[in-house]
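For reference, data-v6.txt (compact mmCIF, C-alpha atoms):
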# COMPACT_ATOMS: atom_id res chain seq x y z
CA MET H 27 115.49 -30.11 -44.54
CA SER H 28 113.24 -32.30 -42.41
CA ARG H 29 109.82 -31.22 -41.20
CA SER H 30 111.00 -31.26 -37.57
CA SER H 31 113.90 -28.93 -38.41
CA ARG H 32 111.58 -26.51 -40.19
CA GLY H 33 109.19 -26.67 -37.25
CA SER H 34 112.00 -25.93 -34.79
CA GLU H 35 113.18 -22.96 -36.83
CA ARG H 36 109.63 -21.65 -36.97
CA VAL H 37 109.27 -21.92 -33.20
CA TRP H 38 112.50 -19.96 -32.64
CA LEU H 39 111.44 -17.35 -35.19
CA ASP H 40 108.07 -16.91 -33.46
CA ALA H 41 109.84 -16.55 -30.11
CA LEU H 42 112.27 -14.00 -31.53
CA VAL H 43 109.42 -11.93 -32.97
CA ALA H 44 107.58 -11.96 -29.63
CA VAL H 45 110.67 -10.89 -27.67
CA LEU H 46 111.70 -8.16 -30.12
CA ALA H 47 108.18 -6.80 -30.36
CA GLY H 48 107.77 -6.76 -26.59
CA PHE H 49 111.05 -4.95 -25.91
CA VAL H 50 110.61 -2.50 -28.80
CA VAL H 51 107.16 -1.49 -27.54
CA MET H 52 108.42 -1.13 -23.96
CA THR H 53 111.36 0.96 -25.12
CA VAL H 54 109.17 3.29 -27.18
CA VAL H 55 106.63 3.76 -24.38
CA ALA H 56 109.37 4.31 -21.77
CA ALA H 57 111.23 6.81 -23.97
CA ALA H 58 108.06 8.76 -24.75
CA GLY H 59 107.11 8.89 -21.07
CA LEU H 60 110.57 10.04 -20.01
CA VAL H 61 110.61 12.74 -22.69
CA CYS H 62 107.29 14.05 -21.38
CA ALA H 63 108.79 13.99 -17.89
CA GLY H 64 111.78 16.05 -19.06
CA ALA H 65 114.37 13.29 -18.61
CA ASP H 66 115.79 13.91 -22.09
CA ASP H 67 117.66 16.88 -20.56
CA LEU H 68 119.68 14.72 -18.16
CA PRO H 69 123.42 15.50 -18.34
CA GLY H 70 126.16 13.26 -19.58
CA GLY H 71 124.16 11.35 -22.16
CA ALA H 72 122.18 9.62 -19.42
CA PHE H 73 118.85 9.49 -21.26
CA PRO H 74 119.25 6.20 -23.20
CA HIS H 75 120.60 4.52 -20.07
CA VAL H 76 117.61 5.76 -18.07
CA VAL H 77 115.28 4.41 -20.76
CA ALA H 78 116.99 1.02 -20.47
CA ALA H 79 116.64 1.15 -16.68
CA VAL H 80 112.91 1.85 -16.94
CA VAL H 81 112.48 -1.07 -19.35
CA VAL H 82 114.39 -3.32 -16.96
CA MET H 83 112.15 -2.31 -14.04
CA ALA H 84 109.06 -2.78 -16.22
CA ALA H 85 110.18 -6.33 -17.05
CA GLY H 86 110.57 -7.23 -13.40
CA GLY H 87 114.18 -6.14 -12.95
CA SER H 88 115.86 -4.30 -10.10
CA VAL H 89 117.88 -1.06 -10.27
CA ASP H 90 120.19 0.16 -7.49
CA VAL H 91 120.84 3.90 -6.99
CA THR H 92 124.14 5.21 -5.62
CA GLY H 93 125.68 8.63 -5.16
CA GLY H 94 128.15 10.85 -3.37
CA ALA H 95 130.40 13.91 -3.49
CA GLY H 96 133.84 12.62 -2.72
CA PHE H 97 134.73 12.99 0.96
CA LEU H 98 132.30 15.94 1.28
CA ALA H 99 129.00 14.17 1.12
CA GLY H 100 127.32 10.86 0.64
CA ALA H 101 124.04 9.91 -0.93
CA ASN H 102 121.69 7.22 0.24
CA ALA H 103 119.02 6.32 -2.23
CA GLY H 104 116.65 3.54 -3.08
CA LEU H 105 113.89 3.01 -5.62
CA SER H 106 111.33 0.24 -5.74
CA VAL H 107 108.58 0.97 -8.22
CA MET H 108 107.39 -0.77 -11.37
CA PRO H 109 106.31 1.46 -14.30
CA LEU H 110 103.20 -0.55 -15.07
CA SER H 111 102.27 1.35 -18.23
CA VAL H 112 105.50 0.11 -19.80
CA SER H 113 104.95 -3.37 -18.34
CA LEU H 114 101.39 -3.57 -19.66
CA ALA H 115 102.38 -2.45 -23.17
CA GLY H 116 105.13 -5.06 -23.35
CA ALA H 117 102.96 -7.79 -21.84
CA LEU H 118 100.09 -7.28 -24.28
CA THR H 119 102.46 -7.25 -27.25
CA ALA H 120 104.47 -10.31 -26.23
CA ALA H 121 101.32 -12.26 -25.27
CA PHE H 122 99.68 -11.53 -28.63
CA CYS H 123 102.78 -12.68 -30.52
CA PHE H 124 103.05 -15.81 -28.37
CA LEU H 125 99.40 -16.82 -28.80
CA ARG H 126 99.01 -16.03 -32.49
CA PRO H 127 100.76 -19.18 -33.83
CA LEU H 128 98.67 -21.33 -31.47
CA ARG H 129 95.25 -20.07 -32.48
CA HIS H 130 94.51 -22.95 -34.87
CA HIS H 131 95.35 -25.72 -32.39
CA ALA H 132 92.50 -27.25 -30.39
CA VAL H 133 94.62 -29.31 -28.00
CA ALA H 134 98.35 -29.20 -27.38
CA ARG H 135 100.59 -31.70 -25.71
CA PRO H 136 102.57 -30.44 -22.68
CA ARG H 137 105.81 -31.06 -24.59
CA GLU H 138 104.62 -28.87 -27.47
CA LEU H 139 103.76 -25.97 -25.18
CA LEU H 140 107.08 -26.37 -23.38
CA LEU H 141 109.01 -26.35 -26.66
CA ARG H 142 107.24 -23.14 -27.64
CA ALA H 143 107.69 -21.44 -24.28
CA ALA H 144 111.34 -22.38 -23.67
CA PRO H 145 112.88 -20.44 -26.62
CA LEU H 146 110.77 -17.39 -25.79
CA VAL H 147 111.85 -17.46 -22.12
CA PHE H 148 115.50 -17.93 -23.10
CA LEU H 149 115.49 -15.07 -25.61
CA TRP H 150 113.52 -12.85 -23.20
CA LEU H 151 116.13 -13.32 -20.47
CA LEU H 152 118.91 -12.73 -23.02
CA ALA H 153 117.34 -9.42 -24.08
CA LEU H 154 116.73 -8.47 -20.45
CA THR H 155 120.41 -9.12 -19.69
CA ALA H 156 121.47 -6.84 -22.53
CA PHE H 157 119.21 -4.05 -21.30
CA ALA H 158 120.39 -4.59 -17.72
CA LEU H 159 124.06 -4.29 -18.69
CA TYR H 160 123.32 -1.06 -20.57
CA ALA H 161 121.19 0.40 -17.77
CA ARG H 162 124.03 1.88 -15.73
CA HIS H 163 125.25 5.45 -15.63
CA THR H 164 126.54 8.20 -13.33
CA PHE H 165 125.80 11.90 -13.72
CA GLY H 166 126.14 15.08 -11.67
CA ILE H 167 123.30 16.77 -9.81
CA SER H 168 122.69 20.40 -8.99
CA THR H 169 122.71 21.34 -5.30
CA GLY H 170 121.62 24.95 -5.72
CA ASP H 171 122.56 27.26 -2.85
CA SER H 172 122.97 24.50 -0.25
CA PRO H 173 126.14 24.14 1.87
CA VAL H 174 127.14 21.13 -0.20
CA GLY H 175 126.93 23.25 -3.32
CA ASP H 176 129.22 25.93 -1.89
CA LEU H 177 131.81 23.42 -0.69
CA ALA H 178 131.60 21.40 -3.88
CA GLU H 179 132.33 24.49 -5.94
CA LEU H 180 135.23 25.41 -3.66
CA LEU H 181 136.82 21.95 -3.68
CA ASP H 182 135.71 20.87 -7.16
CA SER H 183 133.82 17.85 -5.85
CA SER H 184 130.28 17.94 -7.26
CA PRO H 185 127.63 15.48 -6.04
CA THR H 186 126.81 12.64 -8.38
CA VAL H 187 124.05 10.10 -8.67
CA GLY H 188 124.47 6.78 -10.41
CA PHE H 189 122.39 3.71 -11.05
CA GLU H 190 123.04 0.15 -12.12
CA THR H 191 121.07 -3.04 -12.28
CA ALA H 192 121.30 -5.87 -9.79
CA LEU H 193 121.73 -8.57 -12.44
CA PRO H 194 120.94 -11.72 -10.36
CA ALA H 195 117.76 -10.16 -8.94
CA THR H 196 116.83 -8.82 -12.37
CA LEU H 197 117.08 -12.23 -14.02
CA SER H 198 115.26 -13.96 -11.15
CA PHE H 199 112.30 -11.59 -11.12
CA GLY H 200 112.41 -11.29 -14.91
CA LEU H 201 112.01 -15.07 -15.15
CA LEU H 202 108.96 -14.94 -12.88
CA TRP H 203 107.59 -12.04 -14.96
CA ILE H 204 107.76 -13.83 -18.31
CA LEU H 205 106.57 -17.18 -16.93
CA GLY H 206 103.62 -15.45 -15.27
CA LEU H 207 102.80 -13.66 -18.52
CA LEU H 208 102.79 -16.90 -20.53
CA LEU H 209 100.62 -18.63 -17.92
CA VAL H 210 98.08 -15.80 -17.82
CA SER H 211 98.03 -15.68 -21.63
CA LEU H 212 97.12 -19.36 -21.84
CA LEU H 213 94.48 -18.98 -19.13
CA VAL H 214 92.79 -15.94 -20.69
CA SER H 215 92.72 -16.91 -24.36
CA ARG H 216 89.75 -19.02 -25.43
CA ARG H 217 91.54 -20.21 -28.57
CA ALA H 218 94.88 -21.11 -27.02
CA PRO H 219 95.27 -24.89 -26.75
CA LEU H 220 95.62 -26.71 -23.46
CA PRO H 221 96.96 -30.19 -22.71
CA ALA H 222 94.18 -32.78 -22.83
CA ARG H 223 94.37 -33.38 -19.07
CA LEU H 224 93.71 -29.69 -18.37
CA VAL H 225 90.82 -29.18 -20.78
CA ARG H 226 88.33 -30.14 -18.04
CA PHE H 227 89.44 -27.06 -16.07
CA HIS H 228 88.61 -24.80 -19.01
CA GLU H 229 85.09 -23.97 -17.77
CA ALA H 230 86.23 -23.08 -14.26
CA VAL H 231 89.35 -21.06 -15.02
CA ARG H 232 89.26 -19.37 -18.42
CA PRO H 233 86.01 -17.35 -18.21
CA ALA H 234 86.95 -16.01 -14.76
CA ALA H 235 90.52 -15.22 -15.82
CA PHE H 236 89.29 -13.44 -18.94
CA ALA H 237 86.75 -11.40 -16.94
CA VAL H 238 89.35 -10.26 -14.41
CA VAL H 239 91.87 -9.29 -17.10
CA ALA H 240 89.09 -7.40 -18.91
CA LEU H 241 88.31 -5.62 -15.63
CA LEU H 242 91.94 -4.54 -15.17
CA LEU H 243 92.20 -3.36 -18.78
CA SER H 244 88.91 -1.46 -18.41
CA TYR H 245 90.34 0.41 -15.42
CA ALA H 246 93.47 1.21 -17.42
CA ALA H 247 91.40 2.44 -20.39
CA LEU H 248 89.22 4.56 -18.09
CA GLY H 249 92.38 6.00 -16.58
CA VAL H 250 93.66 6.96 -20.03
CA VAL H 251 90.42 8.80 -20.77
CA VAL H 252 90.51 10.64 -17.44
CA GLY H 253 94.19 11.48 -17.93
CA LEU H 254 93.65 12.90 -21.41
CA VAL H 255 90.73 15.02 -20.17
CA VAL H 256 92.89 16.33 -17.33
CA ALA H 257 95.76 17.07 -19.72
CA ALA H 258 93.43 18.97 -22.06
CA THR H 259 91.55 20.98 -19.45
CA ARG H 260 93.78 21.60 -16.44
CA GLY H 261 97.19 22.31 -17.91
CA HIS H 262 100.47 20.49 -17.13
CA ALA H 263 99.82 18.35 -20.19
CA GLN H 264 103.37 16.99 -20.41
CA GLU H 265 103.44 15.87 -16.79
CA THR H 266 100.05 14.18 -17.19
CA LEU H 267 101.15 12.41 -20.36
CA ALA H 268 104.28 11.22 -18.54
CA VAL H 269 102.07 9.62 -15.88
CA ILE H 270 99.90 7.99 -18.57
CA LEU H 271 102.92 6.57 -20.39
CA LEU H 272 104.85 5.42 -17.31
CA GLY H 273 102.56 4.71 -14.38
CA LEU H 274 98.89 4.87 -15.29
CA PRO H 275 97.99 1.32 -14.14
CA ASN H 276 99.77 2.05 -10.85
CA LEU H 277 97.07 4.66 -10.16
CA ALA H 278 94.16 2.98 -11.97
CA TRP H 279 94.57 -0.35 -10.20
CA LEU H 280 95.15 1.46 -6.91
CA ALA H 281 91.73 3.05 -7.50
CA LEU H 282 90.26 -0.43 -8.05
CA THR H 283 91.56 -1.72 -4.72
CA LEU H 284 90.31 1.40 -2.93
CA GLY H 285 86.89 1.03 -4.56
CA LEU H 286 86.72 -2.51 -3.19
CA GLY H 287 87.23 -1.12 0.31
CA GLY H 288 90.93 -1.94 0.48
CA ALA H 289 93.56 0.21 2.13
CA TRP H 290 97.18 1.26 1.67
CA GLN H 291 99.66 2.76 4.08
CA GLY H 292 102.31 5.31 3.26
CA ARG H 293 103.95 8.65 3.68
CA VAL H 294 105.47 11.39 1.54
CA GLU H 295 108.30 13.38 3.09
CA GLY H 296 110.42 16.17 1.65
CA PRO H 297 110.19 18.20 -1.55
CA PHE H 298 110.31 15.17 -3.80
CA GLY H 299 107.41 12.93 -4.60
CA LEU H 300 105.95 10.76 -7.32
CA PRO H 301 103.42 11.91 -9.91
CA MET H 302 100.13 11.30 -8.18
CA PRO H 303 96.79 13.08 -7.76
CA ARG H 304 96.93 16.02 -5.37
CA ILE H 305 94.34 14.43 -3.09
CA LEU H 306 96.56 11.36 -2.59
CA ASP H 307 99.63 13.50 -1.95
CA ASP H 308 97.70 15.51 0.68
CA VAL H 309 96.65 12.35 2.53
CA LEU H 310 100.21 11.00 2.55
CA ARG H 311 101.98 14.18 3.73
CA THR H 312 101.66 13.61 7.46
CA PRO H 313 104.23 13.21 10.28
CA ASP H 314 103.43 9.50 10.63
CA LEU H 315 102.27 6.72 8.35
CA SER H 316 98.87 7.47 6.83
CA THR H 317 96.15 5.02 5.90
CA VAL H 318 94.82 5.58 2.40
CA ASP H 319 91.28 4.35 1.83
CA VAL H 320 88.08 5.80 0.43
CA GLY H 321 87.23 7.36 3.79
CA SER H 322 90.53 9.23 4.14
CA LEU H 323 90.35 10.41 0.52
CA ALA H 324 86.72 11.51 0.96
CA ARG H 325 87.75 13.75 3.85
CA GLN H 326 89.83 15.67 1.31
CA ASP H 327 87.32 15.41 -1.56
CA SER H 328 83.87 13.81 -1.30
CA ARG H 329 84.06 12.72 -4.96
CA ALA H 330 86.30 9.87 -3.79
CA TRP H 331 83.11 7.90 -3.05
CA TRP H 332 82.68 7.52 -6.80
CA LEU H 333 85.48 4.94 -6.63
CA VAL H 334 83.05 2.56 -4.92
CA ALA H 335 80.33 3.12 -7.52
CA VAL H 336 82.74 2.61 -10.43
CA ALA H 337 84.12 -0.59 -8.85
CA ALA H 338 80.61 -1.98 -8.30
CA LEU H 339 79.53 -1.23 -11.87
CA LEU H 340 82.62 -2.62 -13.58
CA LEU H 341 82.69 -5.68 -11.33
CA LEU H 342 79.08 -6.44 -12.17
CA GLY H 343 80.04 -6.18 -15.84
CA ALA H 344 82.93 -8.59 -15.22
CA GLY H 345 80.55 -11.05 -13.57
CA PHE H 346 78.15 -10.84 -16.51
CA LEU H 347 81.00 -11.27 -19.00
CA MET H 348 82.26 -14.34 -17.18
CA ALA H 349 78.77 -15.88 -17.15
CA VAL H 350 78.09 -15.39 -20.86
CA ARG H 351 81.45 -16.97 -21.72
CA SER H 352 80.63 -20.02 -19.58
CA PRO H 353 78.37 -22.96 -20.39
CA ALA H 354 74.85 -22.59 -19.00
CA ARG H 355 75.28 -25.66 -16.80
CA VAL H 356 77.61 -23.72 -14.51
CA ARG H 357 75.57 -22.71 -11.47
CA PRO H 358 75.47 -19.20 -9.94
CA TRP H 359 77.29 -20.34 -6.79
CA GLN H 360 80.06 -21.73 -8.99
CA HIS H 361 80.35 -18.40 -10.80
CA ALA H 362 80.60 -16.70 -7.41
CA LEU H 363 83.41 -19.03 -6.34
CA HIS H 364 85.32 -18.71 -9.62
CA LEU H 365 85.20 -14.92 -9.84
CA GLY H 366 85.86 -14.46 -6.12
CA VAL H 367 89.05 -16.54 -6.24
CA ALA H 368 90.19 -14.98 -9.54
CA LEU H 369 89.67 -11.42 -8.29
CA ALA H 370 91.41 -12.15 -4.98
CA LEU H 371 94.45 -13.55 -6.78
CA ALA H 372 94.52 -10.65 -9.23
CA THR H 373 94.24 -8.14 -6.38
CA LEU H 374 97.13 -9.81 -4.56
CA VAL H 375 99.31 -9.54 -7.67
CA VAL H 376 98.27 -5.92 -8.28
CA CYS H 377 99.08 -4.99 -4.69
CA LEU H 378 102.52 -6.58 -4.91
CA LEU H 379 103.29 -4.86 -8.23
CA ALA H 380 101.89 -1.39 -7.53
CA GLY H 381 103.64 -0.71 -4.22
CA VAL H 382 106.08 2.21 -4.11
CA GLU H 383 109.16 2.82 -1.98
CA ALA H 384 111.60 5.60 -2.86
CA ARG H 385 114.11 7.58 -0.84
CA PHE H 386 116.93 10.01 -1.49
CA GLY H 387 119.14 11.80 1.00
CA LEU H 388 122.36 13.79 0.73
CA SER H 389 124.44 14.04 3.91
CA LEU H 390 127.14 16.65 4.58
CA LEU H 391 130.38 15.15 5.92
CA GLY H 392 128.33 12.27 7.28
CA ILE H 393 126.27 14.54 9.55
CA GLY H 394 122.64 13.97 8.58
CA ASP H 395 120.68 14.95 5.52
CA VAL H 396 120.95 18.37 3.91
CA ASP H 397 117.66 20.25 4.13
CA GLY H 398 115.83 20.40 0.83
CA LEU H 399 117.78 17.57 -0.80
CA GLY H 400 116.19 14.56 0.86
CA GLY H 401 112.85 12.88 0.49
CA LYS H 402 110.92 9.67 1.01
CA VAL H 403 107.87 8.22 -0.67
CA ARG H 404 106.22 5.06 0.57
CA LEU H 405 102.91 3.47 -0.40
CA LEU H 406 102.32 -0.20 0.44
CA PRO H 407 99.12 -2.26 0.58
CA GLN H 408 97.34 -3.67 3.59
CA LEU H 409 96.96 -7.17 2.18
CA TRP H 410 95.04 -8.54 5.17
CA ARG H 411 92.23 -6.07 4.42
CA THR H 412 92.32 -5.69 0.64
CA VAL H 413 92.53 -9.31 -0.55
CA PRO H 414 89.63 -10.72 1.55
CA LEU H 415 87.41 -7.84 0.43
CA ALA H 416 88.29 -8.61 -3.19
CA LEU H 417 87.25 -12.23 -2.58
CA LEU H 418 83.90 -11.05 -1.17
CA TRP H 419 83.25 -8.51 -3.93
CA GLY H 420 84.17 -11.05 -6.61
CA ALA H 421 81.82 -13.65 -5.15
CA VAL H 422 78.89 -11.22 -5.05
CA ALA H 423 79.61 -9.93 -8.57
CA GLY H 424 79.93 -13.47 -9.92
CA PHE H 425 76.60 -14.52 -8.43
CA LEU H 426 74.72 -11.40 -9.62
CA GLY H 427 76.39 -11.57 -13.04
CA ALA H 428 75.19 -15.16 -13.44
CA LEU H 429 71.62 -14.12 -12.63
CA LEU H 430 71.76 -11.27 -15.14
CA ALA H 431 73.11 -13.61 -17.82
CA THR H 432 70.33 -16.18 -17.37
CA PRO H 433 68.21 -14.88 -20.33
CA VAL H 434 71.24 -14.77 -22.62
CA HIS H 435 71.74 -17.71 -24.96
CA ARG H 436 74.91 -19.57 -24.05
CA ARG H 437 76.73 -22.73 -25.01
CA GLY H 438 75.89 -26.01 -23.36
CA ARG H 439 72.33 -25.39 -22.21
CA VAL H 440 71.01 -28.39 -20.32
CA ASP H 441 67.73 -27.04 -19.00
CA GLU H 442 65.88 -27.32 -22.30
CA GLY H 443 63.67 -30.39 -22.72
CA PRO H 444 63.79 -32.65 -25.77
CA PRO H 445 62.00 -31.41 -28.86
CA SER H 446 58.38 -32.40 -29.27
CA PRO H 447 57.53 -35.08 -31.88
CA GLY H 448 55.84 -32.54 -34.12
CA ALA H 449 58.68 -30.08 -34.03
For this file, produce the structure as structure tokens.
Amino acid sequence: MSRSSRGSERVWLDALVAVLAGFVVMTVVAAAGLVCAGADDLPGGAFPHVVAAVVVMAAGGSVDVTGGAGFLAGANAGLSVMPLSVSLAGALTAAFCFLRPLRHHAVARPRELLLRAAPLVFLWLLALTAFALYARHTFGISTGDSPVGDLAELLDSSPTVGFETALPATLSFGLLWILGLLLVSLLVSRRAPLPARLVRFHEAVRPAAFAVVALLLSYAALGVVVGLVVAATRGHAQETLAVILLGLPNLAWLALTLGLGGAWQGRVEGPFGLPMPRILDDVLRTPDLSTVDVGSLARQDSRAWWLVAVAALLLLGAGFLMAVRSPARVRPWQHALHLGVALALATLVVCLLAGVEARFGLSLLGIGDVDGLGGKVRLLPQLWRTVPLALLWGAVAGFLGALLATPVHRRGRVDEGPPSPGA
């Protein structure tokens, strides 16, 4: 067997390991979160299909919800939310497996990186297709003492809810998801090789990208600590663990944007809702759209101002981290520019991923929704306010972080004079 054949087999094996590891981790995290949420009691053997649906949504896919009760009633439903805990677990696992074989390469040709990425992308989309085809199911729902329940029992026509994946949209967004993950992995890792033409951008991009990713992971880790404390001290441990395992970054990164002065708009209507802090639910339960920012949260609980302090502290740490990973010849204004742009881009992505839109309504004979069986949840970012503030905060943190890092020994110092003859 030739060396090129062995190399090709090795590349495909590495890609297969990365894809399997990523999907196994996402499946385990999704299943554990759904068990904590009580979804293992769903009728009709729906649980494994729901797990597959959550994995599909976590990998960038789309799931459509349908329902009805024969000619008696119809259901209108929609769900647009990404379980970012599952996404983050799969992303970290797949990125580690992708980067590990590259750690000993200093420079890579574009063709080499493409040959490594292409099998992984192909196998990832293949696995996503398999999960998407399995993520479809229909099961009955309980209507309690509602009029639909009485008529359904009389005419033997119980309401049902079903879900299935929109395969074209799933593969399209799934492709963007995995390509974005591979790009971010190469930008963040100091050891991952770059094509020779791109090495000159290393100083400008990689330290800032690493600092922003570290900031996001710090928020997620802080959220885990807070969640575990809440689970241990305030009861409802299973529900809290479900939030940690399914949607913790959704809340943690929302807190980051609010701490930067950003804002979201939304509303919660009906008995249903999403697992979220009580203070956020109170702000959103209004007749009209509500604006969620630190001010509106502080009117419910003054401790919301701590979000600003936490954001300032962690951002300053990110600026310092970026500076110490950069050569000393990089000037403070350059650090400000690099971190400002990186944080603005990261905030834009977070806002697009963490938005929530969900609705469910059951209508009787086509005449409006049945009371108690309908609900809407909406929470979307105000990008025009949040992203520019992230740019400003990142610039300030980058500049101050560079000043704090001045006494720290770093690579590439150019301000030291030549050694004296007697040295």
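For the residues H:Leu271, H:Asp40, H:Trp203, H:Thr266, ranking by smallest atom-to-atom distance to H:Val54 using all atoms listed in the file places H:Leu271 first.
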Report summary line: From atom CA of H:Leu405 to atom CA of H:Val382 the spacing works out at 5.0 Å
Requested in this report: Could you give me, as an MDAnalysis selection string, the residues within 6 Å of stretch 316-323 of chain H, counting only C-alpha atoms and dropping anything in the same chain fewer than 3 positions from it?
Outcome: chainID H and resid 284 289:292 310 326 330
Query raised in the report: Suppose you want the space between atom CA of H:Trp359 and atom CA of H:Ala428; what is it in Å?
Result: 8.7 Å
Query raised in the report: Got a sec: who's within 8 Å of H:Asp90, counting all atoms listed in the file, leaving out chain neighbours fewer than 3 positions off, as a list in words?
Result: Gly104, Leu105, Phe189, Glu190, Thr191 and Ala192 of chain H
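Nearest to H:Leu277 of all the residues H:Ile305, H:Ala380, H:Pro221, H:Ala247 is H:Ala380, based on all atoms listed in the file.
Across H:Ala257, H:Pro433, H:Pro219, H:Leu128, the tightest approach to H:Val269 is made by H:Ala257 when counting only C-alpha atoms.
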**Report entry** Among the residues H:Ala56, H:Cys62, H:Leu339, H:Val334, the one that comes closest to H:Glu265 [using only C-alpha atoms]
**Finding:** H:Cys62
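Ranking H:Ala362, H:Met108, H:Leu333, H:Leu209 by their shortest atom-to-atom distance to H:Ala230, with all atoms listed in the file included, puts H:Ala362 first.
Straight-line separation from atom CA of H:Leu139 to atom CA of H:Ser211: 12.3 Å.
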